[in-house]
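Student: Structure: target.txt, compact mmCIF, C-alpha atoms and all ligand atoms.
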# COMPACT_ATOMS: atom_id res chain seq x y z
CA MET A 1404 2.36 1.35 -0.65
CA LYS A 1405 0.12 3.47 1.50
CA ILE A 1406 1.16 4.63 4.94
CA HIS A 1407 -1.07 6.00 7.69
CA GLU A 1408 -1.60 9.69 8.33
CA TYR A 1409 0.38 9.58 11.60
CA GLN A 1410 3.29 7.91 9.79
CA ALA A 1411 3.11 10.44 6.95
CA LYS A 1412 3.17 13.25 9.51
CA GLN A 1413 6.22 11.80 11.28
CA LEU A 1414 7.91 11.59 7.88
CA MET A 1415 6.97 15.13 6.88
CA ALA A 1416 8.10 16.48 10.25
CA LYS A 1417 11.60 15.11 9.53
CA TYR A 1418 11.74 17.45 6.54
CA GLY A 1419 10.69 20.45 8.59
CA ILE A 1420 6.97 20.55 7.83
CA PRO A 1421 5.05 21.81 10.89
CA VAL A 1422 2.50 19.28 12.21
CA PRO A 1423 0.34 19.52 15.35
CA PRO A 1424 1.59 17.70 18.46
CA GLY A 1425 -0.10 14.30 18.56
CA GLU A 1426 -0.02 10.67 19.71
CA VAL A 1427 -1.37 7.39 18.36
CA ALA A 1428 -3.78 5.39 20.52
CA SER A 1429 -5.35 1.97 20.07
CA THR A 1430 -7.70 2.02 23.06
CA ALA A 1431 -10.09 4.62 24.48
CA ASP A 1432 -7.99 4.80 27.67
CA GLU A 1433 -4.85 5.50 25.68
CA ALA A 1434 -6.71 8.21 23.78
CA ALA A 1435 -7.80 9.85 27.07
CA GLU A 1436 -4.21 9.69 28.37
CA ALA A 1437 -2.88 11.19 25.14
CA ALA A 1438 -5.47 13.98 25.31
CA ARG A 1439 -4.42 14.74 28.90
CA ARG A 1440 -0.73 14.95 27.93
CA ILE A 1441 -1.46 17.08 24.85
CA GLY A 1442 -3.78 19.36 26.80
CA GLY A 1443 -6.70 21.51 25.66
CA ARG A 1444 -9.05 20.69 22.84
CA VAL A 1445 -8.00 17.68 20.72
CA VAL A 1446 -9.08 16.16 17.44
CA ILE A 1447 -9.48 12.35 17.25
CA LYS A 1448 -8.69 10.96 13.82
CA ALA A 1449 -9.38 7.40 12.56
CA GLN A 1450 -6.25 5.87 11.00
CA VAL A 1451 -7.46 3.93 7.98
CA HIS A 1452 -6.27 3.93 4.39
CA VAL A 1453 -9.18 5.86 2.97
CA GLY A 1454 -9.92 9.48 2.13
CA GLY A 1455 -12.95 11.51 3.22
CA ARG A 1456 -12.79 10.40 6.84
CA GLY A 1457 -14.14 13.75 7.98
CA LYS A 1458 -17.39 13.39 6.07
CA ALA A 1459 -17.73 9.75 7.20
CA GLY A 1460 -17.50 10.66 10.89
CA GLY A 1461 -13.88 9.57 11.40
CA ILE A 1462 -12.58 13.01 12.47
CA ARG A 1463 -14.08 14.29 15.75
CA LEU A 1464 -13.27 17.02 18.24
CA ALA A 1465 -13.04 16.51 22.01
CA GLU A 1466 -12.90 19.27 24.62
CA THR A 1467 -11.67 17.15 27.55
CA PRO A 1468 -9.78 13.87 28.11
CA GLU A 1469 -13.09 12.31 29.21
CA GLU A 1470 -14.74 13.33 25.97
CA ALA A 1471 -11.68 12.04 24.08
CA ARG A 1472 -12.26 8.65 25.73
CA THR A 1473 -15.92 8.59 24.68
CA VAL A 1474 -15.22 9.74 21.13
CA ALA A 1475 -12.33 7.25 20.71
CA SER A 1476 -14.51 4.40 21.98
CA GLU A 1477 -17.10 5.31 19.35
CA ILE A 1478 -14.51 5.27 16.53
CA LEU A 1479 -12.22 2.37 17.54
CA GLY A 1480 -13.10 -1.18 16.49
CA ARG A 1481 -15.86 0.03 14.17
CA PRO A 1482 -15.76 0.09 10.40
CA LEU A 1483 -15.16 3.37 8.60
CA LYS A 1484 -15.99 3.15 4.90
CA GLY A 1485 -15.58 -0.62 5.18
CA LEU A 1486 -12.24 -0.64 7.05
CA ARG A 1487 -11.97 -1.47 10.74
CA VAL A 1488 -10.38 1.31 12.78
CA ASP A 1489 -7.57 -0.12 14.95
CA ARG A 1490 -5.86 3.16 15.83
CA VAL A 1491 -6.71 6.80 16.24
CA LEU A 1492 -4.41 9.81 16.09
CA VAL A 1493 -5.05 12.21 18.98
CA GLU A 1494 -3.87 15.67 18.06
CA SER A 1495 -3.95 19.17 19.43
CA ALA A 1496 -6.93 20.80 17.67
CA LEU A 1497 -6.30 23.77 15.43
CA ASP A 1498 -8.00 27.15 15.38
CA ILE A 1499 -8.66 27.11 11.67
CA ASP A 1500 -8.73 30.34 9.69
CA LYS A 1501 -8.04 29.01 6.16
CA GLU A 1502 -7.63 25.57 4.60
CA LEU A 1503 -5.13 25.32 1.71
CA TYR A 1504 -4.10 22.39 -0.49
CA LEU A 1505 -0.60 21.23 -1.51
CA GLY A 1506 0.08 18.07 -3.47
CA ILE A 1507 2.83 16.39 -5.48
CA VAL A 1508 2.01 13.36 -7.58
CA LEU A 1509 3.67 11.22 -10.22
CA ASP A 1510 1.95 12.05 -13.51
CA ARG A 1511 2.66 8.93 -15.55
CA ALA A 1512 1.26 10.35 -18.79
CA ALA A 1513 3.50 13.42 -18.54
CA ARG A 1514 6.41 11.34 -17.18
CA ARG A 1515 6.98 14.11 -14.66
CA HIS A 1516 6.09 14.89 -11.10
CA ALA A 1517 3.16 17.31 -10.98
CA VAL A 1518 2.79 19.93 -8.24
CA MET A 1519 -0.66 21.24 -7.31
CA VAL A 1520 -1.60 24.12 -5.10
CA SER A 1521 -4.97 25.55 -4.15
CA ALA A 1522 -6.29 28.21 -1.81
CA VAL A 1523 -9.55 26.26 -1.41
CA GLY A 1524 -8.32 23.09 0.31
CA GLY A 1525 -10.23 20.89 2.76
CA VAL A 1526 -12.83 18.19 2.44
CA ASP A 1527 -14.28 19.42 -0.86
CA ILE A 1528 -11.09 19.41 -2.95
CA GLU A 1529 -12.41 16.61 -5.24
CA GLU A 1530 -15.45 18.73 -6.00
CA VAL A 1531 -13.21 21.75 -6.66
CA ALA A 1532 -11.13 19.65 -9.08
CA ARG A 1533 -14.31 18.59 -10.87
CA GLU A 1534 -16.30 21.80 -10.96
CA THR A 1535 -13.75 24.62 -10.82
CA PRO A 1536 -10.41 23.12 -11.86
CA GLU A 1537 -9.00 26.61 -12.49
CA LYS A 1538 -8.84 27.02 -8.70
CA ILE A 1539 -6.08 24.41 -8.60
CA ALA A 1540 -2.76 25.72 -9.93
CA LYS A 1541 -0.61 23.00 -11.43
CA THR A 1542 2.85 22.64 -12.92
CA TRP A 1543 5.28 19.87 -13.82
CA ILE A 1544 8.81 19.46 -12.49
CA ASP A 1545 11.78 19.14 -14.82
CA PRO A 1546 13.72 16.24 -13.27
CA THR A 1547 17.07 17.87 -14.08
CA LEU A 1548 16.12 21.14 -12.34
CA GLY A 1549 13.91 20.00 -9.50
CA LEU A 1550 11.27 22.32 -8.08
CA THR A 1551 12.40 25.91 -8.76
CA ASN A 1552 11.71 29.20 -6.98
CA TYR A 1553 9.97 30.74 -9.96
CA GLN A 1554 7.63 27.75 -10.30
CA VAL A 1555 6.60 28.02 -6.67
CA ARG A 1556 6.01 31.76 -7.03
CA ASN A 1557 3.92 31.26 -10.17
CA LEU A 1558 1.85 28.56 -8.44
CA LEU A 1559 1.11 30.83 -5.48
CA ILE A 1560 0.12 33.68 -7.81
CA ASP A 1561 -2.03 31.41 -10.02
CA ALA A 1562 -3.81 29.98 -6.99
CA GLY A 1563 -4.46 33.49 -5.68
CA PHE A 1564 -2.60 33.20 -2.39
CA GLU A 1565 -2.34 36.41 -0.44
CA ARG A 1566 1.20 37.74 -0.19
CA ALA A 1567 1.38 37.36 3.56
CA LEU A 1568 1.31 33.56 3.12
CA TRP A 1569 3.97 33.24 0.42
CA ALA A 1570 7.01 32.79 2.63
CA ASP A 1571 5.52 30.12 4.91
CA VAL A 1572 3.72 28.18 2.17
CA SER A 1573 6.82 28.17 -0.09
CA LYS A 1574 8.86 26.74 2.76
CA VAL A 1575 6.34 23.94 3.26
CA LEU A 1576 6.13 23.23 -0.48
CA PHE A 1577 9.93 22.92 -0.86
CA ALA A 1578 10.04 20.67 2.21
CA LEU A 1579 7.22 18.57 0.75
CA TYR A 1580 9.17 18.19 -2.50
CA GLU A 1581 12.28 17.13 -0.56
CA CYS A 1582 10.19 14.64 1.42
CA TYR A 1583 8.57 13.32 -1.78
CA THR A 1584 11.79 12.73 -3.74
CA SER A 1585 13.86 11.43 -0.81
CA SER A 1586 11.12 8.94 0.10
CA ASP A 1587 10.59 7.67 -3.48
CA ALA A 1588 6.97 8.70 -3.12
CA VAL A 1589 4.41 8.68 -5.93
CA LEU A 1590 2.09 10.94 -3.95
CA ALA A 1591 2.57 13.44 -1.12
CA GLU A 1592 -0.37 15.56 -0.14
CA ILE A 1593 -1.27 18.04 2.59
CA ASN A 1594 -5.01 18.66 2.66
CA PRO A 1595 -5.69 20.84 4.45
CA LEU A 1596 -2.61 22.91 5.06
CA VAL A 1597 -4.19 25.05 7.76
CA VAL A 1598 -3.57 28.73 8.39
CA THR A 1599 -4.49 29.16 12.05
CA LYS A 1600 -6.18 32.22 13.53
CA GLN A 1601 -2.83 32.89 15.17
CA GLY A 1602 -1.31 33.07 11.65
CA SER A 1603 0.86 29.96 11.61
CA VAL A 1604 0.83 27.37 8.81
CA VAL A 1605 0.37 23.71 9.89
CA ALA A 1606 -0.19 20.40 8.06
CA ALA A 1607 -3.54 19.22 9.48
CA ASP A 1608 -3.69 16.12 7.28
CA ALA A 1609 -0.95 14.21 5.48
CA LYS A 1610 -0.96 11.51 2.85
CA VAL A 1611 2.09 9.77 1.35
CA ASN A 1612 2.15 6.79 -1.02
CA ILE A 1613 5.52 5.13 -1.65
CA ASP A 1614 6.57 3.49 -4.92
CA ASP A 1615 6.59 -0.26 -4.16
CA ASN A 1616 9.48 -0.76 -6.57
CA ALA A 1617 11.69 1.54 -4.50
CA LEU A 1618 11.09 -0.15 -1.13
CA PHE A 1619 14.37 -2.09 -1.45
CA ARG A 1620 16.22 1.18 -0.90
CA GLN A 1621 13.78 2.61 1.66
CA PRO A 1622 14.22 0.13 4.54
CA GLU A 1623 12.68 2.47 7.12
CA LEU A 1624 9.55 2.95 5.04
CA ALA A 1625 9.39 -0.71 3.99
CA ALA A 1626 9.29 -1.60 7.70
CA LEU A 1627 6.02 0.32 8.02
CA ARG A 1628 4.36 -2.28 5.83
CA GLU A 1629 4.03 -4.46 8.94
CA ALA A 1630 1.63 -1.99 10.46
CA ALA A 1631 -0.38 -1.57 7.29
CA GLU A 1632 -3.71 -3.28 6.83
CA GLU A 1633 -2.59 -6.22 4.74
CA ASN A 1634 -2.92 -9.97 4.75
CA PRO A 1635 -0.22 -11.59 6.98
CA LEU A 1636 0.68 -14.03 4.19
CA GLU A 1637 1.24 -11.10 1.83
CA ILE A 1638 3.54 -9.48 4.38
CA GLU A 1639 5.45 -12.77 4.67
CA ALA A 1640 5.66 -13.00 0.86
CA PHE A 1641 7.08 -9.48 0.71
CA LYS A 1642 9.77 -10.45 3.24
CA ARG A 1643 10.62 -13.49 1.12
CA GLY A 1644 10.73 -11.46 -2.08
CA LEU A 1645 7.83 -13.36 -3.69
CA GLN A 1646 5.06 -12.03 -5.95
CA TYR A 1647 2.05 -13.33 -3.99
CA VAL A 1648 -1.59 -12.34 -3.76
CA HIS A 1649 -3.87 -14.03 -1.24
CA LEU A 1650 -7.20 -15.14 -2.75
CA GLY A 1651 -8.73 -17.14 0.09
CA GLY A 1652 -9.48 -20.54 -1.49
CA ASN A 1653 -7.98 -23.98 -0.77
CA ILE A 1654 -5.81 -24.76 -3.83
CA GLY A 1655 -2.32 -23.28 -3.76
CA ILE A 1656 -1.18 -22.09 -7.19
CA ILE A 1657 2.49 -21.74 -8.15
CA GLY A 1658 3.74 -20.99 -11.65
CA ASN A 1659 6.34 -19.09 -13.62
CA GLY A 1660 5.07 -15.95 -15.31
CA ALA A 1661 2.17 -13.75 -14.22
CA GLY A 1662 0.08 -14.59 -17.32
CA LEU A 1663 0.51 -18.32 -16.86
CA VAL A 1664 -0.42 -18.12 -13.18
CA MET A 1665 -3.55 -16.09 -13.96
CA ALA A 1666 -4.57 -18.58 -16.65
CA THR A 1667 -4.05 -21.41 -14.15
CA ILE A 1668 -6.30 -19.66 -11.63
CA ASP A 1669 -9.00 -19.32 -14.32
CA GLU A 1670 -8.70 -22.98 -15.23
CA VAL A 1671 -8.98 -24.14 -11.61
CA LYS A 1672 -12.08 -21.99 -11.19
CA ARG A 1673 -13.58 -23.39 -14.38
CA GLU A 1674 -13.15 -26.89 -12.96
CA GLY A 1675 -15.09 -25.77 -9.88
CA GLY A 1676 -12.06 -25.33 -7.58
CA SER A 1677 -11.12 -22.40 -5.40
CA PRO A 1678 -7.59 -20.93 -5.79
CA ALA A 1679 -5.89 -19.95 -2.52
CA ASN A 1680 -3.44 -17.54 -4.05
CA PHE A 1681 -1.56 -16.11 -6.99
CA LEU A 1682 2.18 -16.85 -6.82
CA ASP A 1683 4.59 -16.12 -9.65
CA ILE A 1684 8.09 -17.50 -9.13
CA GLY A 1685 9.25 -15.78 -12.32
CA GLY A 1686 11.98 -17.14 -14.53
CA GLY A 1687 14.34 -19.70 -13.03
CA ALA A 1688 13.07 -22.42 -10.73
CA LYS A 1689 16.01 -23.39 -8.57
CA ALA A 1690 15.24 -25.55 -5.55
CA ASP A 1691 15.69 -22.66 -3.11
CA LEU A 1692 13.19 -20.50 -4.91
CA VAL A 1693 10.66 -23.33 -5.28
CA ALA A 1694 11.06 -24.38 -1.63
CA ASN A 1695 10.58 -20.78 -0.53
CA ALA A 1696 7.39 -20.52 -2.61
CA LEU A 1697 6.01 -23.89 -1.50
CA GLU A 1698 6.69 -23.12 2.15
CA LEU A 1699 4.79 -19.84 1.87
CA VAL A 1700 1.78 -21.42 0.13
CA LEU A 1701 1.61 -24.16 2.79
CA MET A 1702 1.65 -21.60 5.62
CA ASP A 1703 -1.95 -20.90 4.62
CA PRO A 1704 -3.94 -23.33 6.82
CA GLN A 1705 -6.74 -23.41 4.24
CA VAL A 1706 -4.54 -24.93 1.52
CA LYS A 1707 -5.52 -28.58 0.88
CA GLY A 1708 -3.60 -29.13 -2.35
CA VAL A 1709 -1.05 -27.43 -4.59
CA LEU A 1710 -0.85 -27.03 -8.34
CA PHE A 1711 2.48 -26.29 -9.99
CA ASN A 1712 2.21 -25.04 -13.55
CA VAL A 1713 5.61 -24.48 -15.08
CA PHE A 1714 6.57 -23.66 -18.61
CA GLY A 1715 10.15 -24.61 -19.36
CA GLY A 1716 11.63 -22.00 -21.67
CA ILE A 1717 15.09 -20.83 -20.77
CA THR A 1718 14.58 -22.69 -17.50
CA ARG A 1719 14.63 -26.37 -18.45
CA CYS A 1720 11.93 -28.74 -17.17
CA ASP A 1721 14.47 -31.17 -15.69
CA GLU A 1722 15.89 -28.34 -13.58
CA VAL A 1723 12.40 -27.41 -12.45
CA ALA A 1724 11.54 -31.03 -11.65
CA ASN A 1725 14.67 -31.35 -9.51
CA GLY A 1726 13.82 -28.05 -7.84
CA ILE A 1727 10.31 -29.21 -6.94
CA LEU A 1728 11.52 -32.61 -5.71
CA GLU A 1729 14.15 -31.05 -3.48
CA ALA A 1730 11.66 -28.49 -2.21
CA VAL A 1731 9.16 -31.23 -1.34
CA ARG A 1732 11.90 -33.09 0.52
CA ARG A 1733 12.79 -29.97 2.50
CA VAL A 1734 9.29 -28.69 3.22
CA LYS A 1735 6.99 -30.99 5.15
CA VAL A 1736 4.12 -31.64 2.75
CA ASP A 1737 0.97 -33.56 3.61
CA VAL A 1738 -1.30 -32.39 0.80
CA PRO A 1739 -1.45 -33.62 -2.81
CA ILE A 1740 0.71 -31.80 -5.34
CA VAL A 1741 -0.06 -31.84 -9.05
CA VAL A 1742 2.75 -30.80 -11.37
CA ARG A 1743 2.30 -29.77 -14.98
CA LEU A 1744 5.56 -29.39 -16.81
CA THR A 1745 5.90 -28.49 -20.45
CA GLY A 1746 8.55 -27.02 -22.73
CA THR A 1747 12.29 -27.58 -22.99
CA ASN A 1748 13.34 -31.08 -21.77
CA GLU A 1749 9.81 -31.97 -20.65
CA ALA A 1750 10.37 -35.72 -21.12
CA GLU A 1751 13.43 -35.57 -18.84
CA GLY A 1752 11.46 -33.52 -16.33
CA ARG A 1753 8.59 -35.99 -16.21
CA ALA A 1754 11.02 -38.91 -15.89
CA ILE A 1755 12.47 -37.28 -12.78
CA LEU A 1756 8.98 -36.96 -11.26
CA ALA A 1757 7.99 -40.55 -12.05
CA ASN A 1758 7.81 -42.83 -8.99
CA THR A 1759 7.51 -39.87 -6.61
CA PRO A 1760 4.37 -38.81 -4.70
CA LEU A 1761 4.02 -35.88 -7.09
CA ILE A 1762 1.13 -36.22 -9.53
CA PRO A 1763 2.11 -35.42 -13.12
CA ALA A 1764 -0.17 -33.73 -15.68
CA GLU A 1765 0.47 -32.99 -19.34
CA THR A 1766 -1.85 -30.05 -19.91
CA MET A 1767 -3.08 -27.20 -17.78
CA GLN A 1768 -6.68 -28.45 -18.09
CA GLU A 1769 -5.69 -31.93 -16.94
CA ALA A 1770 -3.69 -30.48 -14.04
CA ALA A 1771 -6.61 -28.30 -12.93
CA ARG A 1772 -9.05 -31.23 -13.16
CA LYS A 1773 -6.76 -33.51 -11.13
CA ILE A 1774 -6.17 -31.08 -8.29
CA VAL A 1775 -9.87 -30.19 -8.07
CA GLU A 1776 -10.76 -33.91 -7.97
CA LEU A 1777 -8.32 -34.41 -5.09
CA VAL A 1778 -9.23 -31.33 -3.08
CA GLY A 1779 -12.91 -31.16 -3.95
CA ARG A 1780 -15.13 -28.51 -5.47
CA SER A 1781 -16.09 -25.49 -3.46
P1 LIG B 1 -10.03 13.66 5.74
O1 LIG B 1 -11.48 13.99 5.77
O2 LIG B 1 -9.80 12.17 5.76
O3 LIG B 1 -9.31 14.31 4.61
O4 LIG B 1 -9.40 14.21 7.13
P2 LIG B 1 -8.79 15.65 7.52
O5 LIG B 1 -7.72 15.47 8.50
O6 LIG B 1 -8.43 16.41 6.30
O7 LIG B 1 -9.98 16.37 8.30
C1 LIG B 1 -11.16 16.78 7.68
C2 LIG B 1 -11.58 18.15 8.10
O8 LIG B 1 -11.74 18.25 9.51
C3 LIG B 1 -10.59 19.25 7.79
O9 LIG B 1 -10.64 19.67 6.46
C4 LIG B 1 -11.06 20.34 8.75
O10 LIG B 1 -12.01 21.17 8.13
C5 LIG B 1 -11.77 19.62 9.87
N1 LIG B 1 -11.15 19.95 11.17
C6 LIG B 1 -11.70 20.69 12.16
N2 LIG B 1 -10.84 20.85 13.19
C7 LIG B 1 -9.73 20.22 12.86
C8 LIG B 1 -8.47 20.06 13.52
O11 LIG B 1 -8.21 20.52 14.61
N3 LIG B 1 -7.56 19.30 12.86
C9 LIG B 1 -7.83 18.74 11.66
N4 LIG B 1 -6.92 17.97 11.06
N5 LIG B 1 -8.98 18.91 11.00
C10 LIG B 1 -9.93 19.65 11.60
MN MN B 2 -7.79 15.61 4.39
If you convert what's in this file into structure tokens, what do you get?

Tutor:
Amino acid sequence: MKIHEYQAKQLMAKYGIPVPPGEVASTADEAAEAARRIGGRVVIKAQVHVGGRGKAGGIRLAETPEEARTVASEILGRPLKGLRVDRVLVESALDIDKELYLGIVLDRAARRHAVMVSAVGGVDIEEVARETPEKIAKTWIDPTLGLTNYQVRNLLIDAGFERALWADVSKVLFALYECYTSSDAVLAEINPLVVTKQGSVVAADAKVNIDDNALFRQPELAALREAAEENPLEIEAFKRGLQYVHLGGNIGIIGNGAGLVMATIDEVKREGGSPANFLDIGGGAKADLVANALELVLMDPQVKGVLFNVFGGITRCDEVANGILEAVRRVKVDVPIVVRLTGTNEAEGRAILANTPLIPAETMQEAARKIVELVGRS
């Protein structure tokens, strides 16, 4: 999960990383007010989940609150690299002397967290990584030892940091590591870490990505998902603990197993239909789970029909059939529902569905054809 720069800065500040004073604004007036409170020259920063905002015109300086208003009005509500800007961060501008880079990232191939440090941070770090990778010092953290003093010292030497910066940069790097591990992050980056003309070290930009699988034990971070740029149905699915991806069509798809659901989506498309979503209810198909899934799919006003595709393995088809029937009784349904059941106890399952409004199908192809006939091609 990605969080916004202003959220990442609030998080980093909790671990003692210095960040410039700033406020979030969603209108030009709010931006002017924030600039007045902050005082002096400010920088206006578009809050969208994309890198390279500076080069795309999403980071602008303003000398006065009036200028902050104008600049904010030019950034807000417009797309930046394809994403609409709903908020800007208004921050006290920095007197930049040097721009450094600090990053920690999960290196899946190494099965370790990698730490990277460079004295040539800023907007061209990707180019540095490509053309002169030796300018980025890198090491891997032993999970039983954590980040050690000697590693940090070696990184600073390798990256060619002048001695005067060692103390301050080490402090920030240890704090960043603490922030990274405590937040179950898979990426924590400060680019640039600015050395000001006054000699202080400040995080001018911040990026943190959280491991989705750890959100259950990071309630404060999980709550930030609300503010993220995601589909409202996907946010609802997350709250309900369902594996759901919004696709935008008019045929709701529910199945057990990611592979089966994907195959069902393909089949519906082949028949000329338009799947509304991916929804995997996993193993088990108790009434509660099925009702929860069906309710979510029907919240999408575009859905004009639903296709259940369930393979009864350990979960028996008669259990699934009862689950679907009970769910349909509980959830108000006024669209056709096609159910394809196969596997353990399929005859019993189909018998349960006989003489109900649910439309049975024996194969996935037949099920896809039936639902597309009922809903129409698109
Ligand atoms: P990014 O382009 O999305 O990575 O956004 P950054 O926050 O990193 O800003 C891009 C660049 O803006 C920085 O590398 C600085 O060179 C430049 N910049 C100039 N003045 C300021 C300032 O006061 N604050 C910040 N954050 N960046 C500034
Ligand atoms: Mn940056």

Student: Do you know which residues are within 8 Å of ligand LIG 1 (chain B) using all atoms listed in the file? Can you write them as number ranges by chain?

Tutor: A: 1445-1446, 1448, 1453-1459, 1461-1464, 1494-1499, 1502, 1524-1526, 1594-1595, 1606-1609

Student: Pull C-alpha atoms from the residues just selected and write them as a compact mmCIF listing (two decimals), in the coordinates of the input.

Tutor:
# COMPACT_ATOMS: atom_id res chain seq x y z
CA VAL A 1445 -8.00 17.68 20.72
CA VAL A 1446 -9.08 16.16 17.44
CA LYS A 1448 -8.69 10.96 13.82
CA VAL A 1453 -9.18 5.86 2.97
CA GLY A 1454 -9.92 9.48 2.13
CA GLY A 1455 -12.95 11.51 3.22
CA ARG A 1456 -12.79 10.40 6.84
CA GLY A 1457 -14.14 13.75 7.98
CA LYS A 1458 -17.39 13.39 6.07
CA ALA A 1459 -17.73 9.75 7.20
CA GLY A 1461 -13.88 9.57 11.40
CA ILE A 1462 -12.58 13.01 12.47
CA ARG A 1463 -14.08 14.29 15.75
CA LEU A 1464 -13.27 17.02 18.24
CA GLU A 1494 -3.87 15.67 18.06
CA SER A 1495 -3.95 19.17 19.43
CA ALA A 1496 -6.93 20.80 17.67
CA LEU A 1497 -6.30 23.77 15.43
CA ASP A 1498 -8.00 27.15 15.38
CA ILE A 1499 -8.66 27.11 11.67
CA GLU A 1502 -7.63 25.57 4.60
CA GLY A 1524 -8.32 23.09 0.31
CA GLY A 1525 -10.23 20.89 2.76
CA VAL A 1526 -12.83 18.19 2.44
CA ASN A 1594 -5.01 18.66 2.66
CA PRO A 1595 -5.69 20.84 4.45
CA ALA A 1606 -0.19 20.40 8.06
CA ALA A 1607 -3.54 19.22 9.48
CA ASP A 1608 -3.69 16.12 7.28
CA ALA A 1609 -0.95 14.21 5.48

Student: Ranking A:Asp1561, A:Arg1643, A:Leu1596, A:Lys1484 by minimum distance to ligand MN 2 (chain B) and counting only C-alpha atoms and all ligand atoms, which one comes first?

Tutor: A:Leu1596

Student: When you look at Gly1686 of chain A with a cut-off of 8 Å (counting only C-alpha atoms), what residues show up, excluding the ones that are within fewer than 5 positions of it in the same chain? I need them as an MDAnalysis selection string.

Tutor: chainID A and resid 1659:1660 1717:1718

Student: Suppose you want the space between atom CA of Gly1419 of chain A and atom CA of Ala1578 of chain A; what is it in Å?

Tutor: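 It comes out at 6.4 Å.
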
Student: Rounded to one decimal place, report the atom CA of Glu1765 of chain A-atom CA of Ile1727 of chain A distance in Å.

Tutor: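 According to the coordinates, atom CA of Glu1765 of chain A and atom CA of Ile1727 of chain A are separated by 16.3 Å.
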
Student: Which is closer to Leu1505 of chain A than all the others in A:Gln1450, A:Ala1591, A:Pro1423, A:Pro1546, using all atoms listed in the file?

Tutor: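 For Leu1505 of chain A, the nearest of the given residues is A:Ala1591.
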
Student: Write out as a list in words the residues lying within 10 Å of Asp1737 of chain A, counting only C-alpha atoms and excluding same-chain residues fewer than 4 positions away.

Tutor: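 Contacts, with the query itself left out: Leu1701, Lys1707, Gly1708 and Val1731 of chain A.
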
Student: Would you work out the distance separating atom CA of Val1693 of chain A from atom CA of Ala1724 of chain A, expressed in Å to one decimal?

Tutor: 10.0 Å

Student: Find, counting all atoms listed in the file, the residue in A:His1516, A:His1452, A:Arg1472, A:Arg1566 that gets nearest to ligand MN 2 (chain B).

Tutor: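 Using all atoms listed in the file, ligand MN 2 (chain B) sits closest to A:His1452.
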
Student: Find the residues around Ala1449 of chain A up to 10 Å (all atoms listed in the file counted), leave out those fewer than 4 positions away in its own chain, and share them as an mmCIF file with C-alpha atoms, keeping the file's coordinate frame.

Tutor:
data_model
loop_
_atom_site.group_PDB
_atom_site.id
_atom_site.type_symbol
_atom_site.label_atom_id
_atom_site.label_comp_id
_atom_site.auth_asym_id
_atom_site.auth_seq_id
_atom_site.Cartn_x
_atom_site.Cartn_y
_atom_site.Cartn_z
ATOM 1 C CA HIS A 1407 -1.070 6.000 7.690
ATOM 2 C CA GLU A 1408 -1.600 9.690 8.330
ATOM 3 C CA VAL A 1427 -1.370 7.390 18.360
ATOM 4 C CA ALA A 1428 -3.780 5.390 20.520
ATOM 5 C CA VAL A 1453 -9.180 5.860 2.970
ATOM 6 C CA ARG A 1456 -12.790 10.400 6.840
ATOM 7 C CA GLY A 1457 -14.140 13.750 7.980
ATOM 8 C CA GLY A 1460 -17.500 10.660 10.890
ATOM 9 C CA GLY A 1461 -13.880 9.570 11.400
ATOM 10 C CA ILE A 1462 -12.580 13.010 12.470
ATOM 11 C CA ARG A 1463 -14.080 14.290 15.750
ATOM 12 C CA ALA A 1475 -12.330 7.250 20.710
ATOM 13 C CA ILE A 1478 -14.510 5.270 16.530
ATOM 14 C CA LEU A 1479 -12.220 2.370 17.540
ATOM 15 C CA ARG A 1481 -15.860 0.030 14.170
ATOM 16 C CA PRO A 1482 -15.760 0.090 10.400
ATOM 17 C CA LEU A 1483 -15.160 3.370 8.600
ATOM 18 C CA ARG A 1487 -11.970 -1.470 10.740
ATOM 19 C CA VAL A 1488 -10.380 1.310 12.780
ATOM 20 C CA ASP A 1489 -7.570 -0.120 14.950
ATOM 21 C CA ARG A 1490 -5.860 3.160 15.830
ATOM 22 C CA VAL A 1491 -6.710 6.800 16.240
ATOM 23 C CA LEU A 1492 -4.410 9.810 16.090
ATOM 24 C CA VAL A 1493 -5.050 12.210 18.980
#

Student: Which one is closest to Ile1447 of chain A: A:Ile1654, A:Ala1465, A:Ala1661, A:Ile1774? Count all atoms listed in the file.

Tutor: A:Ala1465

Student: Segment 1571-1577 of chain A: which residues within 7 Å, counting all atoms listed in the file, same-chain residues fewer than 4 positions away excluded, as an MDAnalysis selection string?

Tutor: chainID A and resid 1420 1555 1581 1604

Student: Nearest to Thr1473 of chain A among A:Asp1587, A:Glu1433, A:Ala1750, A:Lys1405, with distances taken over all atoms listed in the file: which residue is it?

Tutor: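 Checking each candidate against Thr1473 of chain A, we get A:Glu1433 as the closest.
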
Student: So, with all atoms listed in the file as the atoms that count, which of A:Glu1729, A:Glu1769, A:Asp1683, A:Glu1530 lies closest to Arg1743 of chain A?

Tutor: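 Closest to Arg1743 of chain A of all the choices is A:Glu1769.
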
Student: Write out as an MDAnalysis selection string the residues lying within 12 Å of Tyr1418 of chain A, counting all atoms listed in the file and excluding same-chain residues fewer than 3 positions away.

Tutor: chainID A and resid 1411:1415 1421:1422 1574:1586

Student: At most 12 Å from (13.0, -21.1, -23.8), file frame, only C-alpha atoms: which residues, as a list in words?

Tutor: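 Taken together, the residues in range are Gly1686, Gly1687, Val1713, Phe1714, Gly1715, Gly1716, Ile1717, Thr1718, Arg1719, Cys1720, Thr1745, Gly1746, Thr1747, Asn1748 and Glu1749 of chain A.
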